[in-house]
Every structure is written in C-alpha cells, then in structure tokens.
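The structure appears right after this line, and notes come after that.
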Amino acid sequence: MSGLLACLVICLLWKTSASADRRLMWMIASLYLMEIPAAGIVYFNPHRPSNIWYYNLVLTGVYAAYISRYSVLFIEKKLAQTSRVLALLFIVAHIMNMQFGQQMKMLCTNTLVPANIVLAILAFLHLREQVQRLTEHPLYQFSTWFSISTFVYFTGTVPIIAVLNYWSAENIELADKLYIINDVLNVFYFLLIIAGLIWTKIKQTYSTS
Amino acid sequence: MDKNQTDILYFLIITTSLLVFFSVLVINLLLVSRNRKLRHINEMHRLQVLQEKELANVRLEVTETTLREVAADLHDDTGQLLTVAIMQLNRLSKNAPDETVEQALHAVRSGLDSVRNISRILNSDYLRSFGLKTALQRLKERLEKGGKLHLRYDLDDDLVWSDPSLELHAFRIIQELVSNTIKHAEATEINIQLNMMEDKISMYYTDNGKGLPDDPGRPAAPGAGLLNIEQRVKYMGGQIIPLQEAHRGFHLKFLFPTGLNKKEST
C-alpha cells in the first residue's frame with residue numbers, strides 16, 4: 001500500500017519536479033513496479049520459488065541503478081567515480097554469481113548482501129556530504145530524503161537477505177516471516193520517501209512564493 | 001516452528017530493529033552536528049560583527065573627542081586672540097581713524113565669526129544641543145560665504161531622532177558629502193532632504209556636479225571620506241541606496257533608523 005501511495009505521490013508531483021528529482025522518483029517507482037510482474041509469475045506458477053530468477057535479474061538493474069545514481073549525487077569527484085566503478089563491479093559479480101555461483105534457483109545473496117552494505121555506505125557518505133553543505137538546508141532537497149530512506153532500508157535488510165536462502169531451504173514458514181520483516185522495512189522506506197516528497201515540495205513552494 | 005527457530009526469528013527481528021534504530025540515530029547525529037556547526041558559525045559571525053561595531057564606535061568616539069578638542073582650542077585660543085586683536089584694532093580706530101584699520105577690523109571680525117562657526121560645527125555638544133537644523137544652517141552660512149556653492153535643505157517638521165547621537169552621525173555624513181562635493185564635483189548647488197518614514201528617516205543628498213566617474217575600466221575604490229560614511233551608516237544600522245542618476249550630478253539616498261538598536265550596539 002505504501003509503495004502504491006508513493007507512486008501516486010510521485011505521479012502527482014512529477015510535473016512540478018526538477019529533472020534530477022524525477023530520475024530518483026522513477027527509480028523509487030520502479031522498486032514498487034517490479035513487484036507486479038513478480039506477483040504475476042507466482043500467480044501463474046504457484047510452485048515455490050518460481051519468481052527467484054526474476055528477482056535475480058531485476059535486482060541486477062535496480063541495485064546497479066541505485067549505486068550508479070550516487071555518481072551523479074556526489075559532489076566529490078572521487079566518490080562519484082568510485083560509485084560508478086562499484087556499480088560496474090556489482091553487475092559483473094552478480095552476473096557471474098547467477099551464471100556460475102548460486103545460480104538462478106536461489107536468490108544470489110552472495111552479491112546482494114555486499115551490494116546492500118555498499119549502498120548503505122554510499123547513502124551515508126552522501127548524507128554526510130549534504131549535511132556538510134551549510135548554504136542549503138539538507139532536508140529541503142529530495143536527494144537527502146532519498147539517501148535517508150536508502151540508508152535505513154538497505155542497512156536494515158542486510159541480516160534478512162543474508163539468511164533468506166538458508167531459511168527458505170530449511171524452514172519455509174520462518175522464511176515467510178522474514179518476508180514480513182522485509183515488507184515492514186519496505187513500508188518504512190516508502191513512508192520516508194512520501195514524507196520527503198511532500199516536505200521538499202512544501203519548502204520549495206514556500207521559498208518561491 | 002520450534003523454540004529454537006522462534007529464538008532465531010526474534011534474534012533477526014531485534015538485529016534488524018537495532019540496525020534501523022542505529023541508522024536513524026546516525027542520521028540524527030549528522031543533523032545535530034550540522035546544527036551545532038551552524039550555531040557556532042553564527043555565533044562567530046555575531047561576535048565578529050559586535051567587535052567591528054565596537055571598533056567603529058571607539059573610532060567614531062575618538063574622532064568626536066578630537067573634533068571637540070579642536071573646536072575648544074579654536075574657540076578658546078584662536079577666538080581669544082582674534083577678540084584681543086579686534087579690541088586693539090577698535091582702540092586704534094578710535095585714536096586714529098583710518099580706512100585700512102577699518103578694513104583690517106572687518107576682516108578680523110569675519111575671521112572671528114568664521115572661527116566660531118567652525119568651532120560650533122566641530123563641537124558635537126553644540127550639535128547635540130541645537131540639533132541638525134541649526135547645524136545645517138551654520139554649514140549653509142559657511143558655504144555660501146564663498147558665494148560659489150549654494151546649499152538647500154529641507155527637513156520634515158516631524159523629524160524625530162530617538163537617539164541624539166544618530167543626529168550627530170547624520171550631520172557628519174552630510175559634512176563628508178559636502179566636503180567631497182567641494183573637492184571633486186565642481187558643483188554649484190547641493191540639495192539635502194530629510195523625511196520621516198514611519199520608523200525610519202530617509203535622507204536624499206544631491207549635487208549638480210560631475211557625478212561619479214563612469215569609466216567601467218576603473219573600479220570605484222572608495223576614499224577615506226566614503227569609508228568614513230560607510231562606517232557611520234553601518235554603526236547607525238542604516239542603509240546607503242545609490243540612485244539612478246536621471247540628471248547630471250551625484251545622487252545618494254540614505255535610510256537611517258530613528259534610534260540605535262541597543263542589543264546590537266552594545
């Protein structure tokens with residue numbers, strides 16, 4: 001629901017948003033939209049785990065997009081270049097993992113967990129950079145809210161993703177409960193994004209009027 | 001689900017919650033440190049402004065004291081000497097009436113008037129007692145003695161300075177501007193207008209001289225006089241507003257508060 005609400009807010013604010021913010025909004029919307037085909041796959045093929053291959057493929061793009069987005073958000077050139085290299089490294093490592101490592105039958109957590117940590121670190125570094133800029137209030141910019149939600153979400157989901165494969169094989173009931181925790185974090189993520197979208201829009205309108 | 005698995009689930013929930021909690025804490029710490037840094041910068045800036053104001057205040061006080069001393073010396077020493085000279089010339093004129101002595105007597109009397117006028121203009125106590133209008137009248141008389149430059153002033157009747165020291169600063173600014181007009185403008189007329197605007201006083205100063213040089217290649221470096229004006233305006237908490245020059249000459253607008261902001265000036 002929160003994802004759908006976030007997408008609705010994105011649609012409402014799309015026209016009045018800056019192009020840099022639009023790219024972030026599109027990425028956030030894609031995080032929700034990717035769940036629709038996943039649900040469709042499960043609907044047509046209820047045999048577990050029917051949609052893991054799909055997640056492995058889509059998450060390659062999602063994680064790479066998130067990591068490489070920081071190359072645009074960072075002001076410091078070194079950090080921007082590093083995030084570009086990390087995105088490339090992730091794509092290569094994840095494809096290798098899908099092909100030769102954990103393969104398509106299970107979620108490729110060996111690359112997704114490090115990617116989660118990398119994203120949390122990048123979000124933290126971006127937040128630090130935003131906070132150090134004293135000329136503008138960081139919370140009046142949507143990129144700050146994007147990094148706040150990314151930092152919280154990708155930090156929180158590390159332990160869940162790390163044990164997901166093990167418990168999917170060992171105890172499917174427990175694995176389902178882990179998905180619930182992940183959903184709760186997802187709700188938290190989208191709520192932060194909605195708050196950021198509305199807050200920055202209010203502040204921008206207030207400052208221009 | 002057995003107890004062991006339930007424990008693992010709880011452990012995972014607690015770990016995730018802790019991680020989320022710590023990430024929120026980190027964000028909060030970042031924002032708090034930013035606020036602290038901003039507060040520190042603001043405090044430093046406030047102290048710097050205070051220090052600058054204090055320095056300007058001291059400098060202005062020293063200037064006023066020096067001017068007061070010069071005024072006192074002019075009045076007591078030079079004035080006395082000229083009075084004695086007048087008395088002696090009077091005696092000489094009575095004993096042996098002569099046109100040259102009469103001319104000398106007239107010249108010395110004019111000199112004494114001029115010295116008294118200058119000493120009054122320089123003396124801040126005099127200005128404080130008699131106000132800006134009288135001081136401007138003295139200045140006008142002094143300027144127009146030369147015959148080349150005419151000064152016109154127009155002051156609102158309801159002009160009220162809640163702090164008399166500001167009136168003195170306004171007059172010193174006018175003196176500085178007049179001095180610049182005399183030195184650089186080759187003007188024949190100066191107009192000064194002071195109006196009351198709610199809680200502010202606006203002052204227009206115009207002359208019909210050459211105006212400011214409009215050579216774009218030459219940066220307008222302010223001289224000591226202009227710096228002095230800027231300093232006084234800053235101390236008063238006022239504003240200098242350059243005006244678009246519709247006609248030839250120098251045009252400047254000032255906005256002064258009627259009183260000093262005690263919080264800022266102390």
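Identifiers in the structure tokens: chain A, B, ... in order shown; residue index from 1 per chain; ligand index from 1 in order shown.
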Checklist entry - Ile190 of chain B: which residues within 9 Å, counting only C-alpha atoms, same-chain residues fewer than 5 positions away excluded, as a list in words? => result Leu149, His150, Leu151, Arg152, Tyr153, Val178, Thr181, Tyr205, Thr206, Asp207, Asn208 and Gly209 of chain B
Keeping only C-alpha atoms, write the selected residues to a file as an mmCIF file, in the first residue's frame.
```cif
data_model
loop_
_atom_site.group_PDB
_atom_site.id
_atom_site.type_symbol
_atom_site.label_atom_id
_atom_site.label_comp_id
_atom_site.auth_asym_id
_atom_site.auth_seq_id
_atom_site.Cartn_x
_atom_site.Cartn_y
_atom_site.Cartn_z
ATOM 1 C CA LEU B 149 28.188 76.961 -3.717
ATOM 2 C CA HIS B 150 24.564 77.069 -2.549
ATOM 3 C CA LEU B 151 23.164 74.630 -0.069
ATOM 4 C CA ARG B 152 19.452 73.971 0.212
ATOM 5 C CA TYR B 153 17.992 71.795 2.895
ATOM 6 C CA VAL B 178 29.690 68.295 1.193
ATOM 7 C CA THR B 181 31.286 67.819 -3.492
ATOM 8 C CA TYR B 205 21.736 64.106 -0.977
ATOM 9 C CA THR B 206 22.175 65.512 -4.459
ATOM 10 C CA ASP B 207 24.508 67.932 -6.129
ATOM 11 C CA ASN B 208 24.655 69.227 -9.702
ATOM 12 C CA GLY B 209 28.327 68.432 -10.161
#
```
Next on the checklist: I'd like the contact shell of Trp145 of chain A - 9 Å cut-off, only C-alpha atoms, skipping same-chain residues fewer than 2 positions apart - returned as an MDAnalysis selection string.
Outcome noted: chainID A and resid 127 138:143 147:150 192:193 195:197 200
Item to check | Residue hits in chain A, query chain B, radius 12 Å, only C-alpha atoms, as a VMD selection string | outcome: chain A and resid 117 120 to 121 123 to 139 144 to 145 147 to 164 167 170 to 182 184 to 185 188 to 189 192
Next on the checklist: Rounded to one decimal, what separation in Å do you get between atom CA of Ile91 of chain A and atom CA of Trp53 of chain A?
Outcome noted: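 Computed distance, atom CA of Ile91 of chain A to atom CA of Trp53 of chain A, equals 15.5 Å.
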Next on the checklist: Excluding Thr258 of chain B and its own-chain neighbours fewer than 4 positions away, which residues fall within 7 Å of it when counting only C-alpha atoms? Please give them as JSON, numbers by chain.
Outcome noted: {"B": [160, 161, 162, 163, 199, 200, 201]}
Item to check | Surrounding residues of Tyr126 of chain B excluding itself and chain neighbours under 6 positions, 10 Å, only C-alpha atoms, as a ChimeraX atom specification | outcome: /B:68,119-120,134-135,168
Would you output that residue set with N, CA and C atoms, as a tab-separated table (two decimals), in the first residue's frame?
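What ended up in again.tsv:
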```tsv
chain	number	residue	atom	x	y	z
B	68	ARG	N	36.08	67.80	19.12
B	68	ARG	CA	35.64	68.65	20.23
B	68	ARG	C	36.83	69.45	20.78
B	119	SER	N	34.07	76.19	14.97
B	119	SER	CA	34.16	75.51	16.27
B	119	SER	C	32.80	74.95	16.67
B	120	ARG	N	31.72	75.65	16.31
B	120	ARG	CA	30.38	75.14	16.63
B	120	ARG	C	30.06	73.87	15.83
B	134	THR	N	19.87	73.59	12.97
B	134	THR	CA	20.76	74.70	13.26
B	134	THR	C	22.15	74.43	12.68
B	135	ALA	N	22.60	73.16	12.83
B	135	ALA	CA	23.93	72.80	12.32
B	135	ALA	C	23.97	72.96	10.80
B	168	LEU	N	23.86	63.45	15.18
B	168	LEU	CA	25.25	63.90	15.01
B	168	LEU	C	25.92	63.13	13.87
```
